Amino acid sequence: MQNKQITNYLKANLHAHTFRCQHAYGTEREYVETAIEMGIKEFGFSDHIFCPFKHGEVSTMRMKLSEVEGYVDTLNNLKREYKNDIDILIGFEAEYIRDFYEEQMKICRDYDIDYLILGQHFIGDEFHGPYSGAQTTDESILEGYVELAIEGAKTNSYTYMAHPDLIFYTGNKEIYYKHMKHLCEELKKLDMPLEFNMLGRATNRNYPNEFFWQIAGEVGNKAIIGIDAHDTTIIQNVEAYNQCMEIARKNNIEVLPKIDVKKTP
Ligand SMILES: [Zn+2]
Ligand SMILES: [Zn+2]
């Protein structure tokens, strides 16, 4: 395969989804081939993890348990097929949800999953907690987000925190500062990098949040860039990458070119 010799672009990405989550498009092969064309050397898939809902709720934004096998098989086949061009890793993006945690870890062990990233999309799960990305001035939602993220991080099961600035609190700035500084400090103690999210940048979401990264810069967190691919076009979006790197530079944040994944316990 022909490499376009793209120099100023990421070489490793651990954040990508597949059609199984019901809001991502294209085939895994297309993602892998696009990544190779872009000069990426390590590409991890981290589709939205299955949740073992207790009352038969059917999620519309994550894969089913019955799809895990196909996910892992497809990626293992691609891993072998493309081994000379790129390292493919198999992971999940997961919220930390107390009631689901043990069962999710068991699935990860059973399927020999390479890693997890922590993406706290909800305060709880999607049927019982608010969406973190919904605009709010309620401090208890901000606080709940930070608390769950820290509790999840402390399990040492997650390689990094995806879009830590997903929480869309638009109330008092000092309150935001206090809670997010606490999050940054705790994750720094745990040596857990924070992700600049390219998809958020490219689609003008509330993240990357400049104020958040100012706080992370003060605290001295390390960062990683995550594509958060839900289709192949974002894998080619060098501009979104550059814009994330610019926020990092402005706030003196070290961006790690690659990190070793944490095997789930
Ligand atoms: Zn998604
Ligand atoms: Zn994601």
# chains A, B, ... in the order shown; residues from 1 in each chain; ligands from 1
>>> residues_near_ligand(ligand="ligand 1", cutoff="12 Å", atoms="only C-alpha atoms and all ligand atoms", output="PyMOL selection string")
chain A and resi 15-25+45-49+60-63+92-95+119-121+162-163+197+199-200+227-231
>>> select_by_dssp(residues="segment 166-238 of chain A", states="strand (DSSP E or B)", output="ChimeraX atom specification")
/A:169,194-197,223-226,229
>>> write_last_selection(atoms="C-alpha atoms", output="mmCIF file, in the first residue's frame")
data_model
loop_
_atom_site.group_PDB
_atom_site.id
_atom_site.type_symbol
_atom_site.label_atom_id
_atom_site.label_comp_id
_atom_site.auth_asym_id
_atom_site.auth_seq_id
_atom_site.Cartn_x
_atom_site.Cartn_y
_atom_site.Cartn_z
ATOM 1 C CA TYR A 169 -21.400 22.788 32.262
ATOM 2 C CA LEU A 194 -6.346 13.046 28.816
ATOM 3 C CA GLU A 195 -7.575 13.024 25.242
ATOM 4 C CA PHE A 196 -7.885 15.881 22.806
ATOM 5 C CA ASN A 197 -10.832 14.734 20.730
ATOM 6 C CA ALA A 223 -2.411 14.353 26.731
ATOM 7 C CA ILE A 224 -3.016 12.152 23.749
ATOM 8 C CA ILE A 225 -4.869 12.895 20.540
ATOM 9 C CA GLY A 226 -7.838 10.664 19.750
ATOM 10 C CA ALA A 229 -13.583 7.952 14.180
#
>>> closest_residue(among="A:Cys51, A:Met161, A:Ser59, A:Gly220", to="ligand 2", atoms="only C-alpha atoms and all ligand atoms")
A:Met161
>>> residues_around(residues="Lys263 of chain A", least_positions_apart="3", cutoff="10 Å", atoms="only C-alpha atoms", output="VMD selection string")
chain A and resid 91 108 to 109 112 to 116 156 to 159 260
>>> residues_around(residues="Ile88 of chain A", least_positions_apart="2", cutoff="6 Å", atoms="only C-alpha atoms", output="ChimeraX atom specification")
/A:42-44,79
>>> closest_residue(among="A:Glu37, A:Asn13, A:His55, A:Pro193", to="ligand 2", atoms="only C-alpha atoms and all ligand atoms")
A:Asn13
>>> residues_around(residues="Val219 of chain A", least_positions_apart="2", cutoff="9 Å", atoms="only C-alpha atoms", output="list of chain:residue names")
A:Lys181, A:Cys184, A:Glu185, A:Lys188, A:Gln214, A:Ile215, A:Ala216, A:Gly217, A:Asn221
>>> write_last_selection(atoms="C-alpha atoms", output="short mmCIF file (atom, residue, chain, number, x, y, z; two decimals), in the first residue's frame")
data_model
loop_
_atom_site.label_atom_id
_atom_site.label_comp_id
_atom_site.auth_asym_id
_atom_site.auth_seq_id
_atom_site.Cartn_x
_atom_site.Cartn_y
_atom_site.Cartn_z
CA LYS A 181 -9.13 20.93 38.48
CA CYS A 184 -7.18 16.81 36.41
CA GLU A 185 -5.28 16.44 39.67
CA LYS A 188 -2.46 13.14 37.05
CA GLN A 214 -5.96 25.74 30.45
CA ILE A 215 -6.70 23.98 33.74
CA ALA A 216 -5.01 20.76 32.54
CA GLY A 217 -2.00 22.85 31.54
CA ASN A 221 -1.56 16.61 32.75
#
>>> residues_around(residues="Thr136 of chain A", least_positions_apart="5", cutoff="8 Å", atoms="only C-alpha atoms", output="list in words")
Ile141, Phe168, Tyr169, Thr170 and Gly171 of chain A
>>> closest_residue(among="A:Thr27, A:Leu89, A:Leu78, A:Ile117", to="ligand 2", atoms="only C-alpha atoms and all ligand atoms")
A:Ile117
>>> residues_around(residues="Trp213 of chain A", least_positions_apart="4", cutoff="8 Å", atoms="only C-alpha atoms", output="list in words")
Pro208, Asn209, Gly217, Ile247, Ala248 and Asn251 of chain A
>>> select_by_dssp(residues="segment 166-208 of chain A", states="helix (DSSP H, G or I)", output="list of chain:residue names")
A:Leu166, A:Lys173, A:Glu174, A:Ile175, A:Tyr176, A:Tyr177, A:Lys178, A:His179, A:Met180, A:Lys181, A:His182, A:Leu183, A:Cys184, A:Glu185, A:Glu186, A:Leu187, A:Lys188, A:Lys189, A:Met198, A:Leu199, A:Gly200, A:Arg201, A:Ala202
>>> write_last_selection(atoms="N, CA, C and O atoms", output="PDB file, in the first residue's frame")
ATOM      1  N   LEU A 166     -15.995  16.558  27.817  1.00  0.00           N
ATOM      2  CA  LEU A 166     -17.337  16.333  27.258  1.00  0.00           C
ATOM      3  C   LEU A 166     -18.414  17.017  28.108  1.00  0.00           C
ATOM      4  O   LEU A 166     -19.406  17.531  27.591  1.00  0.00           O
ATOM      5  N   LYS A 173     -18.025  29.914  36.309  1.00  0.00           N
ATOM      6  CA  LYS A 173     -16.689  29.475  35.874  1.00  0.00           C
ATOM      7  C   LYS A 173     -15.825  28.954  37.018  1.00  0.00           C
ATOM      8  O   LYS A 173     -15.027  28.040  36.850  1.00  0.00           O
ATOM      9  N   GLU A 174     -15.988  29.578  38.189  1.00  0.00           N
ATOM     10  CA  GLU A 174     -15.180  29.133  39.338  1.00  0.00           C
ATOM     11  C   GLU A 174     -15.589  27.734  39.781  1.00  0.00           C
ATOM     12  O   GLU A 174     -14.754  26.948  40.233  1.00  0.00           O
ATOM     13  N   ILE A 175     -16.869  27.449  39.643  1.00  0.00           N
ATOM     14  CA  ILE A 175     -17.349  26.106  40.008  1.00  0.00           C
ATOM     15  C   ILE A 175     -16.800  25.079  39.011  1.00  0.00           C
ATOM     16  O   ILE A 175     -16.309  24.020  39.394  1.00  0.00           O
ATOM     17  N   TYR A 176     -16.839  25.430  37.733  1.00  0.00           N
ATOM     18  CA  TYR A 176     -16.251  24.547  36.711  1.00  0.00           C
ATOM     19  C   TYR A 176     -14.770  24.316  37.016  1.00  0.00           C
ATOM     20  O   TYR A 176     -14.284  23.185  37.009  1.00  0.00           O
ATOM     21  N   TYR A 177     -14.089  25.395  37.308  1.00  0.00           N
ATOM     22  CA  TYR A 177     -12.647  25.330  37.589  1.00  0.00           C
ATOM     23  C   TYR A 177     -12.374  24.385  38.755  1.00  0.00           C
ATOM     24  O   TYR A 177     -11.517  23.503  38.660  1.00  0.00           O
ATOM     25  N   LYS A 178     -13.118  24.563  39.835  1.00  0.00           N
ATOM     26  CA  LYS A 178     -12.889  23.763  41.043  1.00  0.00           C
ATOM     27  C   LYS A 178     -13.035  22.264  40.757  1.00  0.00           C
ATOM     28  O   LYS A 178     -12.149  21.469  41.074  1.00  0.00           O
ATOM     29  N   HIS A 179     -14.121  21.879  40.095  1.00  0.00           N
ATOM     30  CA  HIS A 179     -14.362  20.449  39.869  1.00  0.00           C
ATOM     31  C   HIS A 179     -13.433  19.871  38.803  1.00  0.00           C
ATOM     32  O   HIS A 179     -12.942  18.747  38.953  1.00  0.00           O
ATOM     33  N   MET A 180     -13.193  20.617  37.748  1.00  0.00           N
ATOM     34  CA  MET A 180     -12.351  20.074  36.683  1.00  0.00           C
ATOM     35  C   MET A 180     -10.884  20.040  37.097  1.00  0.00           C
ATOM     36  O   MET A 180     -10.142  19.158  36.682  1.00  0.00           O
ATOM     37  N   LYS A 181     -10.498  20.980  37.950  1.00  0.00           N
ATOM     38  CA  LYS A 181      -9.129  20.928  38.476  1.00  0.00           C
ATOM     39  C   LYS A 181      -8.959  19.667  39.338  1.00  0.00           C
ATOM     40  O   LYS A 181      -7.926  18.988  39.259  1.00  0.00           O
ATOM     41  N   HIS A 182      -9.976  19.374  40.100  1.00  0.00           N
ATOM     42  CA  HIS A 182      -9.952  18.161  40.916  1.00  0.00           C
ATOM     43  C   HIS A 182      -9.813  16.915  40.021  1.00  0.00           C
ATOM     44  O   HIS A 182      -8.996  16.031  40.290  1.00  0.00           O
ATOM     45  N   LEU A 183     -10.585  16.887  38.952  1.00  0.00           N
ATOM     46  CA  LEU A 183     -10.480  15.768  37.995  1.00  0.00           C
ATOM     47  C   LEU A 183      -9.053  15.672  37.435  1.00  0.00           C
ATOM     48  O   LEU A 183      -8.449  14.595  37.416  1.00  0.00           O
ATOM     49  N   CYS A 184      -8.532  16.795  36.989  1.00  0.00           N
ATOM     50  CA  CYS A 184      -7.178  16.807  36.407  1.00  0.00           C
ATOM     51  C   CYS A 184      -6.139  16.347  37.423  1.00  0.00           C
ATOM     52  O   CYS A 184      -5.241  15.563  37.090  1.00  0.00           O
ATOM     53  N   GLU A 185      -6.266  16.810  38.646  1.00  0.00           N
ATOM     54  CA  GLU A 185      -5.281  16.438  39.669  1.00  0.00           C
ATOM     55  C   GLU A 185      -5.329  14.947  39.967  1.00  0.00           C
ATOM     56  O   GLU A 185      -4.288  14.294  40.076  1.00  0.00           O
ATOM     57  N   GLU A 186      -6.537  14.417  40.098  1.00  0.00           N
ATOM     58  CA  GLU A 186      -6.656  12.987  40.410  1.00  0.00           C
ATOM     59  C   GLU A 186      -6.130  12.124  39.260  1.00  0.00           C
ATOM     60  O   GLU A 186      -5.464  11.119  39.479  1.00  0.00           O
ATOM     61  N   LEU A 187      -6.429  12.527  38.029  1.00  0.00           N
ATOM     62  CA  LEU A 187      -5.963  11.720  36.894  1.00  0.00           C
ATOM     63  C   LEU A 187      -4.454  11.849  36.726  1.00  0.00           C
ATOM     64  O   LEU A 187      -3.789  10.905  36.303  1.00  0.00           O
ATOM     65  N   LYS A 188      -3.927  12.991  37.103  1.00  0.00           N
ATOM     66  CA  LYS A 188      -2.464  13.140  37.047  1.00  0.00           C
ATOM     67  C   LYS A 188      -1.797  12.195  38.049  1.00  0.00           C
ATOM     68  O   LYS A 188      -0.812  11.534  37.727  1.00  0.00           O
ATOM     69  N   LYS A 189      -2.364  12.131  39.247  1.00  0.00           N
ATOM     70  CA  LYS A 189      -1.815  11.210  40.266  1.00  0.00           C
ATOM     71  C   LYS A 189      -1.806   9.781  39.751  1.00  0.00           C
ATOM     72  O   LYS A 189      -0.940   8.987  40.083  1.00  0.00           O
ATOM     73  N   MET A 198     -10.470  14.788  18.356  1.00  0.00           N
ATOM     74  CA  MET A 198     -10.500  15.385  17.007  1.00  0.00           C
ATOM     75  C   MET A 198     -11.905  15.527  16.455  1.00  0.00           C
ATOM     76  O   MET A 198     -12.233  16.500  15.784  1.00  0.00           O
ATOM     77  N   LEU A 199     -12.762  14.543  16.747  1.00  0.00           N
ATOM     78  CA  LEU A 199     -14.135  14.620  16.225  1.00  0.00           C
ATOM     79  C   LEU A 199     -14.874  15.820  16.814  1.00  0.00           C
ATOM     80  O   LEU A 199     -15.586  16.529  16.108  1.00  0.00           O
ATOM     81  N   GLY A 200     -14.682  16.041  18.104  1.00  0.00           N
ATOM     82  CA  GLY A 200     -15.304  17.193  18.757  1.00  0.00           C
ATOM     83  C   GLY A 200     -14.850  18.491  18.111  1.00  0.00           C
ATOM     84  O   GLY A 200     -15.653  19.397  17.853  1.00  0.00           O
ATOM     85  N   ARG A 201     -13.546  18.567  17.839  1.00  0.00           N
ATOM     86  CA  ARG A 201     -12.984  19.761  17.185  1.00  0.00           C
ATOM     87  C   ARG A 201     -13.590  19.933  15.781  1.00  0.00           C
ATOM     88  O   ARG A 201     -14.063  20.998  15.420  1.00  0.00           O
ATOM     89  N   ALA A 202     -13.584  18.841  15.021  1.00  0.00           N
ATOM     90  CA  ALA A 202     -14.000  18.917  13.614  1.00  0.00           C
ATOM     91  C   ALA A 202     -15.484  19.236  13.471  1.00  0.00           C
ATOM     92  O   ALA A 202     -15.901  19.811  12.466  1.00  0.00           O
TER      93      ALA A 202
END
>>> closest_residue(among="A:Leu190, A:Leu14, A:Asp138, A:Pro52", to="ligand 2", atoms="only C-alpha atoms and all ligand atoms")
A:Leu14
>>> closest_residue(among="A:Leu118, A:Ile97, A:Ala35, A:Ala134", to="ligand 2", atoms="only C-alpha atoms and all ligand atoms")
A:Leu118
>>> closest_residue(among="A:Arg205, A:Lys154, A:His128, A:Ile6", to="Asp191 of chain A", atoms="only C-alpha atoms")
A:Lys154
